[in-house]
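Comments concern the structure below.
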Amino acid sequence: MNGRSHAAAPIPSATAGALEGLPPLRVVGRLARLRERLEEAGVDAAVFFEPANVRWLTGFTGSNGTVVVRRSGEALLLTDARYSEQAPAQLAAAGCSGDVDVAVARRTVEAAAPWLQGAARLGLEDGVAWGQQIRWNEAVAAETVPLSEIVESLRAVKDGAELARIEAAASIADTALASVVPMLRPGATESHLQQALDGAIRSAGAAGPAYDTIVASGPNAALPHATPTDRRLEPGDLVIIDVGAQVDGYRSDMTRTFVLGDPSERAAALLEAVERSQAAGAAAVEPGVEAGEIDKACRAVIDDAGMGDAFVHGTGHGVGLDIHELPRVASGSAATLEPGNVLTVEPGVYFPGFGGVRVEDLLVVTDSGCRPLTLHPKTSLVPLPA
Ligand code: GLY
Ligand code: MN
Ligand code: MN
């Protein structure tokens, strides 16, 4: 074919490549598990509006969706006219159109009220806005009670189709990072590297980055959640790159820290301590372990290295439809890990004016231990160009 051909080319789909061969996402059985939780909470019905919870329960991805579930079993998805075609189609694709009715309405609370008649105790997700809570109270004439992390705790255990998407996202981030490592040289700017990573993520078939990609070099690496700047990399810099991809709504999360050229003694000590801490945390991940124990394992290594005060954030978090979800991996976290949990282990140390180091892997808990999903090598020394 020559360059002047005008034959119609297929329009590439943002995620088609990444989704090829993955099992379909099905929500079947989730409402039944939710109903058990509603019984435990002692509510007659409950309202869910957090987008990731609505998506997990029904497959619906529109920007306006509210799911109302009665303890007796019926469920209703309320949305607006923009989604009158999309909502039933997505529910059917997710396998729940027989269990969840769709109502298209301009005023969600008022449309749900007749359907909720007789529900004396109505549970609302505890992120509900003050004004909304009052409206539910007035329109449904029920006692409203806060429900905390009910769907979120169910979402913490991933099924095979969810895991396949997170794994695909992690693999795409591995590939994107590998493609950008050769660009880590003096003179490159943080923001240029960020753009290159984001472009590589999309080219590899992901819908986009899982969160704002971090590239933080030199003193900027002392900021755990830095925003990339136009700073140019310099020899000897520590460079933190925190990169994830998103496939069909599911996310990945990974951090590597690089050094340009020979590390100073101080930089080498930071890298050594954090890499050992991360390995100790990952080695502690298995079913039956409390998440707080992972934090303890990571912190012990950093404390021994005399850097405890510089480890200023939690050790990790669950990842799925949201980038930060359950289980929390922090001091005192009592969540017991179970097969299907997907979580990060990401110790870091930060020294204002000097820089920092963070190493983050995404792991899935298996029946006997765990398996890393982020596989990019931890080796962080980048030789300077000759
Ligand atoms: N990339 C966000 C985080 O690691 O929490
Ligand atoms: Mn993370
Ligand atoms: Mn991260």
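Identifiers in this document derive from the order of the structure tokens: chains are assigned A, B, ..., residues are numbered from 1 separately in each chain, and ligands are numbered from 1 in order of occurrence.
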**Item:** Cut-off 7 Å, only C-alpha atoms and all ligand atoms, neighbours of ligand 3 as a ChimeraX atom specification
**Value:** /A:242-243,253-255,360
**Prompt:** What do you get as a list of chain:residue names if you pick all residues at most 9 Å from ligand 2, counting only C-alpha atoms and all ligand atoms?
**Reply:** A:Asp242, A:Ser252, A:Asp253, A:Met254, A:Thr255, A:Thr315, A:Gly316, A:His317, A:Gly318, A:Val319, A:Ile323, A:His324, A:Leu343, A:Thr344, A:Val345, A:Glu346, A:Glu360, A:Asp361, A:Leu362
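Using only C-alpha atoms and all ligand atoms, the smallest distance between any of A:Asn341, A:Ser368, A:Thr227, A:Ser380 and ligand 1 comes from A:Thr227.
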**Message:** At a cut-off of 12 Å, using only C-alpha atoms, what residues contact Thr366 (chain A)? Leave out same-chain residues fewer than 2 positions from it and give the result as a list in words.
**Reply:**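 Once the adjacent positions are removed, what remains is Val157, Lys158, Asp159, Gly160, Leu163, Val285, Glu286, Pro287, Gly288, Leu337, Glu338, Pro339, Gly340, Asn341, Val342, Leu343, Leu363, Val364, Ser368, Gly369, Cys370, Arg371, Pro372 and Leu373 of chain A.
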**Request:** Identify which of the residues A:Asp367, A:Asp212, A:Asp248, A:Glu293 lies closest to ligand 1, counting only C-alpha atoms and all ligand atoms when measuring atom-to-atom distances.
**Result:**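 Closest to ligand 1, using only C-alpha atoms and all ligand atoms: A:Asp212.
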**Request:** Find the residues near Gly292 (chain A): any atom within 9 Å, counting only C-alpha atoms, skip ones fewer than 2 places away on the same chain, and give them as an NGL selection string.
**Result:** :A and (289-290 or 294-297 or 315 or 328-336)
**Asked** Which one is closest to ligand 1: A:Leu270, A:Val215, A:Ala94, A:Leu116? Count only C-alpha atoms and all ligand atoms.
**Response**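 Of the candidates, the smallest distance to ligand 1 is held by A:Val215.
Distances to Arg155 (chain A) were evaluated for A:Ala170, A:Ala52, A:Leu384, A:Ala81 using only C-alpha atoms, and the minimum falls at A:Ala52.
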**Message:** Between CA of Thr379 (chain A) and CA of Ile240 (chain A), what is the distance in Å, rounded to a tenth?
**Reply:**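 Value for the CA of Thr379 (chain A)-CA of Ile240 (chain A) distance: 12.9 Å.
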**Item:** Contact residues around region 186-190 of chain A with only C-alpha atoms at 10 Å, ignoring same-chain residues under 2 positions, as a PyMOL selection string
**Value:** chain A and resi 183-184+192-196+214-217+220+227-237+239-241+260-261+384-385
**Request:** Return the single residue from A:Leu375, A:Val180, A:Ala226, A:Leu381 that is closest to ligand 1, with distances computed using only C-alpha atoms and all ligand atoms.
**Result:** A:Ala226
**Message:** To test your reading of the structure, identify every residue in region 197-284 of chain A that backbone DSSP assigns to alpha helix (DSSP H), and report it as a PyMOL selection string.
**Reply:** chain A and resi 197-203+265-283
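Relative to CA of Thr61 (chain A), CA of Arg26 (chain A) is found at 13.6 Å.
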**Prompt:** Using the chain letters and numbers from this document, which residues of region 59-131 of chain A does DSSP assign to strand (DSSP E), as a PyMOL selection string?
**Reply:** chain A and resi 66-70+75-79+100-104+121-125
**Request:** Could you please determine the separation between CA of Ala282 (chain A) and CA of Asn53 (chain A) in Å, to one decimal place?
**Result:** 28.2 Å
Considering only C-alpha atoms, return as a JSON list (two decimals) with C-alpha atoms, in the first residue's frame whatever protein or nucleic-acid residues lie within 8 Å of Val247 (chain A), sequence-local ones (same chain, fewer than 3 positions apart) excluded.
```json
[["chain", "number", "residue", "atom", "x", "y", "z"],
["A", 15, "THR", "CA", -9.27, -0.47, 24.70],
["A", 18, "ALA", "CA", -6.14, -4.62, 25.79],
["A", 19, "LEU", "CA", -9.53, -6.35, 26.15],
["A", 165, "ARG", "CA", -8.21, -6.38, 33.65],
["A", 166, "ILE", "CA", -5.99, -5.24, 36.52],
["A", 168, "ALA", "CA", -3.61, -6.22, 31.75],
["A", 169, "ALA", "CA", -3.36, -2.67, 33.13],
["A", 206, "ALA", "CA", -5.29, 1.20, 27.76],
["A", 207, "ALA", "CA", -8.05, 3.79, 28.11],
["A", 208, "GLY", "CA", -5.49, 6.08, 29.78],
["A", 250, "TYR", "CA", -9.78, -1.26, 36.35],
["A", 251, "ARG", "CA", -6.49, 0.29, 37.41]]
```
**Asked** Between A:Pro224, A:Val357, A:Ile302, A:Gly320, which has the minimum distance to ligand 1 (counting only C-alpha atoms and all ligand atoms)?
**Response**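 Of A:Pro224, A:Val357, A:Ile302, A:Gly320, the one nearest ligand 1 is A:Pro224, counting only C-alpha atoms and all ligand atoms.
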**Request:** Find the residues near Phe49 (chain A): any atom within 7 Å, counting only C-alpha atoms, skip ones fewer than 6 places away on the same chain, and give them as a ChimeraX atom specification.
**Result:** /A:65-67
Write out the residues from the selection above, keeping all heavy atoms, as a PDB file, in the first residue's frame.
```pdb
ATOM      1  N   GLY A  65     -25.868   7.823  38.040  1.00  0.00           N
ATOM      2  CA  GLY A  65     -26.549   6.563  38.337  1.00  0.00           C
ATOM      3  C   GLY A  65     -26.722   6.395  39.835  1.00  0.00           C
ATOM      4  O   GLY A  65     -25.810   6.691  40.607  1.00  0.00           O
ATOM      5  N   THR A  66     -27.890   5.975  40.253  1.00  0.00           N
ATOM      6  CA  THR A  66     -28.160   5.677  41.661  1.00  0.00           C
ATOM      7  C   THR A  66     -28.821   4.307  41.715  1.00  0.00           C
ATOM      8  O   THR A  66     -29.768   4.052  40.959  1.00  0.00           O
ATOM      9  CB  THR A  66     -29.128   6.729  42.263  1.00  0.00           C
ATOM     10  OG1 THR A  66     -28.529   8.022  42.137  1.00  0.00           O
ATOM     11  CG2 THR A  66     -29.425   6.453  43.727  1.00  0.00           C
ATOM     12  N   VAL A  67     -28.314   3.450  42.565  1.00  0.00           N
ATOM     13  CA  VAL A  67     -28.917   2.122  42.709  1.00  0.00           C
ATOM     14  C   VAL A  67     -29.632   2.067  44.044  1.00  0.00           C
ATOM     15  O   VAL A  67     -29.051   2.394  45.088  1.00  0.00           O
ATOM     16  CB  VAL A  67     -27.850   1.006  42.670  1.00  0.00           C
ATOM     17  CG1 VAL A  67     -28.503  -0.359  42.837  1.00  0.00           C
ATOM     18  CG2 VAL A  67     -27.089   1.050  41.359  1.00  0.00           C
TER      19      VAL A  67
END
```
